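K.L.:
Can you read through this structure? Questions will come right after.
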Amino acid sequence: MREPILLTPGPLTTSLATKTAMLNDWGSWDGAFNALTARVCLQLLRIAGAEDSHVCVPLQGSGTFAVEAAVGSLVPRGGKLLVLVNGAYGKRMARIAGAIGRRVAVLETPDGVAPDPAAVESLLRADPGITHVGVIQCETSTGILNPVAEIAAVTARAGRRLIVDAMSAFGALPLDAGAAPYDALIASSNKCLEGVPGMGFVIVRAEALEEAEGNCHSLALDLLDQYRYLRATGQWRFTPPTHVVAAFGAALEQYFAEGGQPARLARYEANCRLLCEGLEGLGLRRFLPAERQAPIIVTWHAPEHPDYDFHRFYDAVRSRGFILYPGKLTQVETFRVGCIGAIDQAEIGQAVDAVRAALDELVWLEEPVYQ
Ligand SMILES: *Cc1c(COP(=O)(O)O)cnc(C)c1O
């Protein structure tokens with residue numbers, strides 16, 4: 001029996017080649033590992049299209065560690081971060097800024113509603129104390145695509161700096177560093193680049209990083225310190241997640257062999273289309289309007305039945321080989337299904353069949369929701 005397919009946006013299903021890349025042990029000071037780190041960082045910069053303006057700073061830990069490192073390193077202690085919140089990850093960025101003692105302002109829109117660039121512009125005009133704007137490219141708690149290019153334009157026009165949490169978008173959804181200027185773009189190994197979890201990275205504008213001296217509240221999360229050590233020695237400061245980096249290197253090779261960003265996006269779009277057609281065919285309803293849906297993760301309203309229980313639904317789908325994601329909304333009962341990972345339309349088709357069979361089996365459904 002095949003191991004379950006993860007329909008979760010990171011950790012996600014990785015390829016056999018990515019998994020087997022973890023079968024070697026690496027010396028953290030060894031030249032071969034340093035070369036691997038350098039190659040991975042260069043490839044990430046290439047994907048960002050930012051080789052001439054930005055540098056890539058890798059960081060141990062999950063994606064949140066990299067968000068905290070970017071906010072703590074780039075927003076000066078006397079600075080102020082305006083966070084555009086329309087879900088859990090925007091809330092988390094605002095919470096990070098507060099926790100490390102930065103002043104924070106929040107522009108909150110309901111789940112599933114994108115921030116209005118004009119509203120951002122007037123907030124920036126009204127509060128000259130705001131030095132940085134934080135935005136989530138794909139808010140994974142619903143799957144909404146936020147208008148980052150437009151936000152980048154108003155932020156630049158107002159003379160402020162932009163920090164983009166592109167965690168669940170980078171590598172699939174393009175964001176041109178030239179056209180949408182940002183000081184920092186944050187992502188991790190285990191989302192659209194299809195590596196395993198354990199490292200984040202920040203694509204940071206070289207000049208902004210050099211100005212970051214003395215900003216950071218933390219030693220371990222200081223991006224400038226991490227970067228200087230890496231540049232001087234070729235090594236990570238502190239023990240690197242060697243096997244994760246090796247798997248990431250293999251995943252990146254596969255990424256370029258597949259055709260890079262356009263090919264990755266096309267596969268995810270095909271996955272998303274098939275998933276939506278399939279589950280809508282069962283009578284399930286999407287939470288987001290189609291025009292704001294990113295092809296990363298889809299939020300679904302729970303089947304309408306008073307006895308619906310996510311855990312039983314999860315187990316019924318799990319027993320058929322697929323792992324769903326719970327909803328992350330407070331107001332409405334939802335569940336989520338990811339479109340990303342080393343899967344294509346074959347697995348998505350099987351997943352739709354598994355959901356159909358699970359709904360059919362569950363006793364709280366006297367009548368199946370599909371026709
Ligand atoms: C996954 C994710 C993160 C980071 O989450 P971790 O669990 O710390 O890896 C941050 N922002 C967004 C938008 C994400 O999707």
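Just remember, in the structure tokens the first chain shown is A, the second B, etc., residues are 1-based per chain, and ligands are 1-based in the order shown.
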What residues have any atom no more than 8 Å from ligand 1 when counting only C-alpha atoms and all ligand atoms, and can you list them as a list in words?
P.N.:
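Using only C-alpha atoms and all ligand atoms, everything at most 8 Å from ligand 1 comes to Pro9, Gly10, Gly61, Ser62, Gly63, Thr64, Phe65, Val67, Tyr89, Gly90, Ile136, Gln137, Cys138, Glu139, Thr140, Ser141, Asp165, Ala166, Met167, Ser168, Ala169, Ala187, Ser188, Asn190, Lys191, Pro197 and Gly200 of chain A.
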K.L.:
Select from segment 65-300 of chain A everything DSSP, run on the backbone, classes as strand (DSSP E or B), then give the selection as a ChimeraX atom specification.
P.N.:
/A:80-85,103-108,132-136,138-139,144-145,161-165,184-188,199-205,286,293,297-300
K.L.:
If we count only C-alpha atoms, what is near segment 193-196 of chain A at a cut-off of 8 Å, once residues fewer than 3 positions away on the same chain are taken out, given as a VMD selection string?
P.N.:
chain A and resid 11 to 14 18 170 to 172 189 to 190 244 247 to 248 251 to 252 255 341 to 342
K.L.:
When DSSP is applied to the backbone of this structure, which of segment 126-344 of chain A are assigned alpha helix (DSSP H)? Write them out as number ranges by chain.
P.N.:
A: 126, 148-157, 206-210, 223-233, 242-258, 260-281, 310-318
K.L.:
Calculated over only C-alpha atoms, which of the candidates A:Ala290, A:Asp315, A:Trp236, A:Ser73 has the smallest distance to Asp30 of chain A?
P.N.:
A:Trp236
K.L.:
Taking only C-alpha atoms into account, name the residue in A:Ala206, A:Ala153, A:Val352, A:Ala250 that is nearest to Arg228 of chain A.
P.N.:
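Of A:Ala206, A:Ala153, A:Val352, A:Ala250, the one nearest Arg228 of chain A, counting only C-alpha atoms, is A:Ala206.
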K.L.:
Give me the residues within 6 Å of Phe322 of chain A as a compact mmCIF listing (two decimals) with N, CA, C and O atoms, in the first residue's frame, counting only C-alpha atoms and dropping any in the same chain fewer than 2 places off.
P.N.:
```
# COMPACT_ATOMS: atom_id res chain seq x y z
N PRO A 4 0.19 7.55 2.61
CA PRO A 4 -0.87 8.51 2.29
C PRO A 4 -0.34 9.73 1.54
O PRO A 4 0.78 10.18 1.78
N ILE A 5 -1.15 10.23 0.63
CA ILE A 5 -0.83 11.47 -0.09
C ILE A 5 -1.24 12.64 0.80
O ILE A 5 -2.37 12.67 1.32
N VAL A 317 -11.47 9.65 4.92
CA VAL A 317 -10.64 9.96 3.74
C VAL A 317 -9.23 9.39 3.94
O VAL A 317 -8.63 8.83 3.03
N ARG A 318 -8.75 9.48 5.17
CA ARG A 318 -7.41 8.98 5.52
C ARG A 318 -7.32 7.47 5.24
O ARG A 318 -6.31 6.99 4.72
```
K.L.:
I'd like a table as a Markdown table: residues in segment 37-90 of chain A with an atom no more than 8 Å from segment 114-128 of chain A, each row giving the shortest atom pair and its distance in Å to one decimal, only C-alpha atoms counted, sorted by chain and rising residue number.
P.N.:
```
| residue | atom | partner | partner_atom | distance |
| --- | --- | --- | --- | --- |
| A:Leu84 | CA | A:Pro115 | CA | 6.6 |
| A:Val85 | CA | A:Pro115 | CA | 7.8 |
| A:Asn86 | CA | A:Ala114 | CA | 7.0 |
```
K.L.:
Could you pull the residues within 12 Å of Gly234 of chain A, counting only C-alpha atoms, minus those fewer than 5 positions along the same chain, as a PyMOL selection string?
P.N.:
chain A and resi 28-39+41+57-58+226-229+240
K.L.:
For a quick check of understanding, using only C-alpha atoms, which of A:Asp353, A:Asp360, A:Glu213, A:Glu333 has the smallest distance to Gly278 of chain A?
P.N.:
A:Asp353
